[in-house]
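Q: Sharing a structure with you now.
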Amino acid sequence: MNKKEKYRELLQQVEGLIADEHLEVSVLANVSAAIKETMGFFWVGFYLVHNGELVLGPFQGSPACYHIKKGRGVCGTAWAEGKTMVVKDVEEFPGHIACSHLSRSEIVVPLFDNKGVMRSELDIDHTEVGTFDEVDKEELEKICEAVARQLYQRD
């Protein structure tokens, strides 16, 4: 099974997992677990926008940074720019915040509410340089759009 097919199955699994749940911590915890289990990434988790900073939310993996300022590191930059960040080599990203020295590549995908305000973001790290590409970006954005619809875009 190629990566795109794996993501297709993962999206179906995520949609099934979150279909009847609206509690943010529960949804994000199960989505983190599903992504890590399916894709085998080093670290998978969410940061939540809270009181003007990103705060560690549900995750799977080793301990992580609790607080990240807007514009700092990959996560803070994704928040400031309001877009997905794909970093082939974190050593080459200015201001990278190293929560783990084992992390070598990273992707961060923002989740928005129905007013276009970022409410949380998915952060994924891998131990190898160059892990993430356009396929990861496109497919993880689909997963995050499904999660955002469930959690943040209800009336």
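Each chain in the structure tokens gets a letter, A, B, ..., in the order shown, and its residues are numbered from 1; ligands are numbered from 1 in order too.
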If you take only C-alpha atoms and a cut-off of 9 Å, which residues of range 61-101 of chain A touch range 124-139 of chain A, and what are their nearest atom pairs and distances in Å to one decimal, in chain and number order, as JSON lines?
A:
{"residue": "A:Thr84", "atom": "CA", "partner": "A:Lys137", "partner_atom": "CA", "distance": 7.2}
{"residue": "A:Met85", "atom": "CA", "partner": "A:Lys137", "partner_atom": "CA", "distance": 8.3}
{"residue": "A:Val86", "atom": "CA", "partner": "A:Phe132", "partner_atom": "CA", "distance": 6.6}
{"residue": "A:Val87", "atom": "CA", "partner": "A:Phe132", "partner_atom": "CA", "distance": 7.4}
{"residue": "A:Lys88", "atom": "CA", "partner": "A:Gly130", "partner_atom": "CA", "distance": 4.3}
{"residue": "A:Asp89", "atom": "CA", "partner": "A:Val129", "partner_atom": "CA", "distance": 5.2}
{"residue": "A:Val90", "atom": "CA", "partner": "A:Val129", "partner_atom": "CA", "distance": 8.0}
{"residue": "A:His101", "atom": "CA", "partner": "A:Thr127", "partner_atom": "CA", "distance": 9.0}
Q: Within 8 Å of range 1-7 of chain A, counting only C-alpha atoms, which residues qualify if same-chain residues fewer than 2 places away don't, as a PyMOL selection string?
A: chain A and resi 9-11+38-39+135+139-140
Q: Give the alpha helix (DSSP H) residues of range 39-75 of chain A, as assigned by DSSP on the backbone, as a ChimeraX atom specification.
A: /A:39,73-75
Q: Write the residues of the preceding selection, restricted to N, CA and C atoms, as a short mmCIF file (atom, residue, chain, number, x, y, z; two decimals), in the first residue's frame.
A:
data_model
loop_
_atom_site.label_atom_id
_atom_site.label_comp_id
_atom_site.auth_asym_id
_atom_site.auth_seq_id
_atom_site.Cartn_x
_atom_site.Cartn_y
_atom_site.Cartn_z
N MET A 39 0.81 5.68 10.64
CA MET A 39 1.93 6.18 9.83
C MET A 39 3.30 5.94 10.47
N GLY A 73 9.61 29.11 16.25
CA GLY A 73 9.70 27.73 15.82
C GLY A 73 8.76 27.43 14.65
N VAL A 74 8.68 26.16 14.30
CA VAL A 74 7.82 25.76 13.19
C VAL A 74 6.35 25.95 13.55
N CYS A 75 5.97 25.54 14.76
CA CYS A 75 4.57 25.67 15.18
C CYS A 75 4.13 27.13 15.26
#
Q: Near Gln150 in chain A, counting only C-alpha atoms, which residues have an atom at most 8 Å away, once you skip same-chain residues fewer than 3 positions from it, shown as a PyMOL selection string?
A: chain A and resi 18-19+21-22+146-147+153-154
Q: What would the file look like if the residues just selected were written as an mmCIF file, in the first residue's frame with all heavy atoms?
A:
data_model
loop_
_atom_site.group_PDB
_atom_site.id
_atom_site.type_symbol
_atom_site.label_atom_id
_atom_site.label_comp_id
_atom_site.auth_asym_id
_atom_site.auth_seq_id
_atom_site.Cartn_x
_atom_site.Cartn_y
_atom_site.Cartn_z
ATOM 1 N N ILE A 18 -14.363 10.198 14.987
ATOM 2 C CA ILE A 18 -14.814 11.489 15.522
ATOM 3 C C ILE A 18 -16.276 11.795 15.210
ATOM 4 O O ILE A 18 -16.799 12.816 15.663
ATOM 5 C CB ILE A 18 -13.916 12.641 15.017
ATOM 6 C CG1 ILE A 18 -14.084 12.887 13.516
ATOM 7 C CG2 ILE A 18 -12.466 12.381 15.382
ATOM 8 C CD1 ILE A 18 -13.295 14.076 12.978
ATOM 9 N N ALA A 19 -16.952 10.926 14.498
ATOM 10 C CA ALA A 19 -18.303 11.209 13.985
ATOM 11 C C ALA A 19 -19.293 11.687 15.047
ATOM 12 O O ALA A 19 -20.065 12.594 14.788
ATOM 13 C CB ALA A 19 -18.849 9.977 13.270
ATOM 14 N N GLU A 21 -18.446 12.640 18.332
ATOM 15 C CA GLU A 21 -17.769 13.226 19.488
ATOM 16 C C GLU A 21 -17.424 14.684 19.220
ATOM 17 O O GLU A 21 -16.976 15.029 18.136
ATOM 18 C CB GLU A 21 -16.489 12.437 19.799
ATOM 19 C CG GLU A 21 -15.780 12.889 21.057
ATOM 20 C CD GLU A 21 -16.634 12.810 22.300
ATOM 21 O OE1 GLU A 21 -17.139 11.714 22.628
ATOM 22 O OE2 GLU A 21 -16.833 13.868 22.944
ATOM 23 N N HIS A 22 -17.642 15.524 20.223
ATOM 24 C CA HIS A 22 -17.362 16.952 20.079
ATOM 25 C C HIS A 22 -16.446 17.495 21.175
ATOM 26 O O HIS A 22 -16.112 18.676 21.163
ATOM 27 C CB HIS A 22 -18.668 17.757 20.059
ATOM 28 C CG HIS A 22 -19.544 17.377 18.910
ATOM 29 N ND1 HIS A 22 -19.274 17.743 17.607
ATOM 30 C CD2 HIS A 22 -20.660 16.622 18.855
ATOM 31 C CE1 HIS A 22 -20.202 17.247 16.803
ATOM 32 N NE2 HIS A 22 -21.039 16.560 17.535
ATOM 33 N N ALA A 146 -11.321 17.727 8.369
ATOM 34 C CA ALA A 146 -12.391 16.900 8.949
ATOM 35 C C ALA A 146 -12.496 17.134 10.448
ATOM 36 O O ALA A 146 -13.598 17.273 11.002
ATOM 37 C CB ALA A 146 -12.135 15.423 8.649
ATOM 38 N N VAL A 147 -11.356 17.197 11.127
ATOM 39 C CA VAL A 147 -11.343 17.427 12.575
ATOM 40 C C VAL A 147 -11.873 18.825 12.885
ATOM 41 O O VAL A 147 -12.692 19.005 13.792
ATOM 42 C CB VAL A 147 -9.925 17.222 13.150
ATOM 43 C CG1 VAL A 147 -9.870 17.628 14.619
ATOM 44 C CG2 VAL A 147 -9.482 15.770 12.977
ATOM 45 N N GLN A 153 -16.347 24.127 13.646
ATOM 46 C CA GLN A 153 -17.166 24.772 12.639
ATOM 47 C C GLN A 153 -18.639 24.446 12.779
ATOM 48 O O GLN A 153 -19.383 24.457 11.815
ATOM 49 C CB GLN A 153 -16.642 24.402 11.242
ATOM 50 C CG GLN A 153 -15.226 24.898 11.051
ATOM 51 C CD GLN A 153 -14.609 24.491 9.729
ATOM 52 O OE1 GLN A 153 -15.236 23.882 8.882
ATOM 53 N NE2 GLN A 153 -13.355 24.836 9.550
ATOM 54 N N ARG A 154 -19.039 24.162 13.999
ATOM 55 C CA ARG A 154 -20.459 23.894 14.256
ATOM 56 C C ARG A 154 -21.135 25.201 14.675
ATOM 57 O O ARG A 154 -20.517 26.076 15.239
ATOM 58 C CB ARG A 154 -20.591 22.851 15.371
ATOM 59 C CG ARG A 154 -19.974 21.518 14.980
ATOM 60 C CD ARG A 154 -20.055 20.482 16.078
ATOM 61 N NE ARG A 154 -19.360 20.927 17.274
ATOM 62 C CZ ARG A 154 -19.939 21.017 18.475
ATOM 63 N NH1 ARG A 154 -21.175 20.673 18.658
ATOM 64 N NH2 ARG A 154 -19.260 21.426 19.509
#
Q: Could you check the closest approach to Asn51 in chain A for each of A:Glu145, A:Gln13, A:Arg119, A:His96 and tell me which residue wins, using only C-alpha atoms?
A: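 Nearest candidate to Asn51 in chain A out of A:Glu145, A:Gln13, A:Arg119, A:His96: A:Arg119.
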Q: Could you check the closest approach to Lys36 in chain A for each of A:Leu17, A:Pro94, A:Phe59, A:Val109 and tell me which residue wins, using only C-alpha atoms?
A: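 Nearest candidate to Lys36 in chain A out of A:Leu17, A:Pro94, A:Phe59, A:Val109: A:Phe59.
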Q: Compile the contact shell of Glu24 in chain A as a list in words: residues with an atom at most 12 Å away, counting only C-alpha atoms, same-chain residues fewer than 5 positions apart removed.
A: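 In the requested format, the answer is Ile18, Ala29, Asn30, Val31, Phe46, Tyr47, Leu48, Gly57, Pro58, Arg119, Ser120, Val147, Ala148, Arg149, Gln150, Leu151 and Tyr152 of chain A.
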Q: Only C-alpha atoms, please: the residues just picked out, written as a JSON list (two decimals), in the first residue's frame.
A:
[["chain", "number", "residue", "atom", "x", "y", "z"],
["A", 18, "ILE", "CA", -14.81, 11.49, 15.52],
["A", 29, "ALA", "CA", -6.27, 12.36, 21.55],
["A", 30, "ASN", "CA", -7.79, 9.70, 19.30],
["A", 31, "VAL", "CA", -6.72, 11.45, 16.10],
["A", 46, "PHE", "CA", -1.82, 18.98, 18.82],
["A", 47, "TYR", "CA", -1.11, 22.44, 20.14],
["A", 48, "LEU", "CA", -4.09, 24.55, 21.18],
["A", 57, "GLY", "CA", -2.58, 19.38, 23.84],
["A", 58, "PRO", "CA", -3.14, 15.65, 23.34],
["A", 119, "ARG", "CA", -7.88, 27.16, 17.06],
["A", 120, "SER", "CA", -5.26, 24.41, 17.13],
["A", 147, "VAL", "CA", -11.34, 17.43, 12.57],
["A", 148, "ALA", "CA", -11.89, 21.19, 12.36],
["A", 149, "ARG", "CA", -15.39, 20.69, 10.91],
["A", 150, "GLN", "CA", -16.23, 18.40, 13.80],
["A", 151, "LEU", "CA", -14.80, 20.58, 16.56],
["A", 152, "TYR", "CA", -14.71, 24.19, 15.47]]
Q: When you count only C-alpha atoms, which of these residues is closest to Gly116 in chain A: A:Phe41, A:Phe93, A:Trp79, A:Gln60?
A: A:Trp79
